[in-house]
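A.B. asks: First the structure, then my questions, so here it is.
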Amino acid sequence: MTTRPVVAITDPLPEDFLGDLEHAADLVCAPADAPGVLADPIVARAAAVEGLLCTLEDRIDGAVLDRFPRLRVVSTLSVGFDHIDLAACRARGIAVGHTPGVLTDATADLAMALLLACARRIPEGIETVRRGRWGRWRPARNLGIELRGKTLGIVGLGKIGRAVARRARAFGMEVVAVRRTPGPDPADDARIVDLDTLVTRSHVVSLHVPLTADTRRMVDAAFLSRMRPGAVLVNTARGAVVDTNALVEVLARGHLGGAALDVTDPEPLPPDHPLLRLPGVVVTPHVGSATRTTRRNMARLAAANLLAGLAGRPLPHPVPGAPG
Ligand code: GLV
């Protein structure tokens with residue numbers, strides 16, 4: 001008879017990602033073709049589940065927590081935790097952990113990749129070649145925007161914001177930033193300015209804030225209209241930080257030069273969404289942390305949070321404001 005604690009995994013991970021967790025816990029996993037916290041095999045063992053390894057796709061609220069009476073740790077395979085009701089976890093004494101730090105470089109790389117794709121119209125170029133429309137080299141065709149000498153405005157100078165700032169400086173950009181909470185001295189990474197200065201001066205605005213009640217739709221019609229004509233918006237944070245309808249409207253009237261989005265609201269973005277019909281829009285399917293190295297490291301942190309919580313130790317990577 002096993003005495004190992006039962007841990008539910010809401011989306012299967014490669015076997016070699018789980019490390020010690022595989023031996024330390026009795027794992028019950030949602031099937032690959034029907035992932036989710038309420039997948040049948042998980043619901044069947046719900047009464048015994050003590051640890052939950054979830055993803056940002058799983059909404060963990062009071063109603064879900066009530067299905068797991070023995071739950072002691074929620075460990076999300078993400079740095080963002082806006083999908084978890086922290087008050088509901090706190091009320092039940094459930095520890096909550098996440099995976100900060102290990103996805104900084106992968107996400108910053110993607111922000112730069114999206115910016116370059118948008119500035120240099122790469123998707124359009126690929127489409128031209130694929131459709132057999134690569135004609136004569138023309139001096140005035142396929143012209144994009146050069147990054148050197150342009151100003152990048154970083155909204156949220158946390159780990160990822162700073163990593164983007166360092167990359168942008170290597171491309172010859174001037175970097176300004178706003179931050180809501182005091183952090184380490186930005187040194188050479190960026191010049192701290194107020195939000196109005198950032199919005200009105202930047203050629204590119206890149207979002208790096210978590211989704212909270214304060215940041216939900218902070219990029220609204222007023223924000224977007226105050227951006228420089230021809231500016232580019234980059235979002236690798238959370239889709240709901242931006243008011244999507246307002247973004248469609250400013251792009252449609254030609255005020256912005258483009259939008260490079262790894263996250264959208266709604267998500268997934270339906271293929272017939274008006275955003276996808278607008279020129280200068282580049283969208284990827286929430287892949288900021290999607291490298292093998294980063295996902296493996298995220299799994300390592302998520303497993304460490306679970307092992308600590310199940311052993312009654314403080315989590316190594318607790319979510320701020322949740323019982324750790
Ligand atoms: C990805 O969006 C994450 O929060 O890890």
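The way I read the labels, and the way they are meant: chains A, B, ... in the order of the structure tokens, residue 1 as the first residue of every chain, and ligand 1 as the first ligand shown, with later ones counted on from there.
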I'd like the neighbourhood of Leu276 of chain A as a list in words, where a residue qualifies if any of its atoms comes within 12 Å (using only C-alpha atoms), though same-chain residues fewer than 4 positions away should be ignored.

C.D. replies: Thr244, Leu247, Val248, Leu251, Ala252, Gly258, Ala259, Ala260, Leu261, Thr264, Leu269, Pro270, Pro271, Asp272, Gly280, Val281, Val282, Val283 and Thr284 of chain A

A.B. asks: Taking only C-alpha atoms and all ligand atoms and a cut-off of 8 Å, can you tell me which residues surround ligand 1, written as a list of chain:residue names?

C.D. replies: A:Leu56, A:Leu77, A:Ser78, A:Val79, A:Gly80, A:Phe81, A:Thr99, A:Pro100, A:Leu103, A:Thr236, A:Ala237, A:Arg238, A:His286, A:Val287, A:Gly288, A:Ser289

A.B. asks: Using C-alpha atoms, can you write the selected residues to a file as an mmCIF file, in the first residue's frame?

C.D. replies:
data_model
loop_
_atom_site.group_PDB
_atom_site.id
_atom_site.type_symbol
_atom_site.label_atom_id
_atom_site.label_comp_id
_atom_site.auth_asym_id
_atom_site.auth_seq_id
_atom_site.Cartn_x
_atom_site.Cartn_y
_atom_site.Cartn_z
ATOM 1 C CA LEU A 56 -2.005 29.105 -16.631
ATOM 2 C CA LEU A 77 4.002 25.967 -14.219
ATOM 3 C CA SER A 78 4.127 29.693 -14.956
ATOM 4 C CA VAL A 79 5.475 32.898 -13.526
ATOM 5 C CA GLY A 80 2.064 34.587 -13.853
ATOM 6 C CA PHE A 81 -0.554 33.609 -11.287
ATOM 7 C CA THR A 99 8.266 29.603 -11.503
ATOM 8 C CA PRO A 100 9.943 33.042 -11.533
ATOM 9 C CA LEU A 103 11.793 32.134 -18.164
ATOM 10 C CA THR A 236 4.432 39.375 -24.040
ATOM 11 C CA ALA A 237 2.789 39.855 -20.626
ATOM 12 C CA ARG A 238 -0.961 39.151 -20.485
ATOM 13 C CA HIS A 286 1.571 32.514 -26.047
ATOM 14 C CA VAL A 287 4.985 30.928 -26.551
ATOM 15 C CA GLY A 288 7.176 33.313 -24.494
ATOM 16 C CA SER A 289 8.626 30.518 -22.354
#

A.B. asks: Work out how far atom CA of Ala177 of chain A is from atom CA of Ile192 of chain A, in Å to one decimal.

C.D. replies: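 Atom-to-atom, atom CA of Ile192 of chain A and atom CA of Ala177 of chain A are spaced 4.9 Å apart.
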
A.B. asks: Could you list, as a PyMOL selection string, every residue within 7 Å of Ala108 of chain A, counting only C-alpha atoms and ignoring same-chain residues fewer than 5 positions away?

C.D. replies: chain A and resi 160+163-164

A.B. asks: I'd like to know which residues of segment 27-156 of chain A are strand (DSSP E) (by DSSP, run on the backbone); could you write them as a PyMOL selection string?

C.D. replies: chain A and resi 27-29+49-54+73-76+95-97+151-155

A.B. asks: Restricting the calculation to only C-alpha atoms: of A:Lys150, A:Arg226, A:Arg180, A:Arg217, which residue gets closest to Val204 of chain A?

C.D. replies: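 Closest residue, counting only C-alpha atoms: A:Lys150.
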
A.B. asks: Please list as a ChimeraX atom specification every residue within 10 Å of Ala231 of chain A, counting only C-alpha atoms and excluding residues in the same chain fewer than 5 positions away.

C.D. replies: /A:119,145,151-152,199-205,224,255-259

A.B. asks: If you keep C-alpha atoms, can you produce a file of those selected residues as a compact mmCIF listing (two decimals), in the first residue's frame?

C.D. replies:
# COMPACT_ATOMS: atom_id res chain seq x y z
CA ALA A 119 9.45 46.32 -37.58
CA ILE A 145 11.46 50.44 -39.42
CA THR A 151 13.13 54.86 -28.11
CA LEU A 152 11.76 51.74 -26.44
CA VAL A 199 3.69 56.71 -23.84
CA THR A 200 4.15 59.93 -25.80
CA ARG A 201 7.89 59.61 -26.57
CA SER A 202 8.39 55.91 -27.30
CA HIS A 203 8.57 54.50 -30.82
CA VAL A 204 7.98 51.07 -29.30
CA VAL A 205 6.07 50.30 -26.08
CA LEU A 224 -3.16 53.97 -27.38
CA HIS A 255 -2.51 55.61 -35.85
CA LEU A 256 -0.14 52.82 -34.81
CA GLY A 257 2.51 51.25 -37.03
CA GLY A 258 1.85 47.77 -35.69
CA ALA A 259 1.30 45.41 -32.79
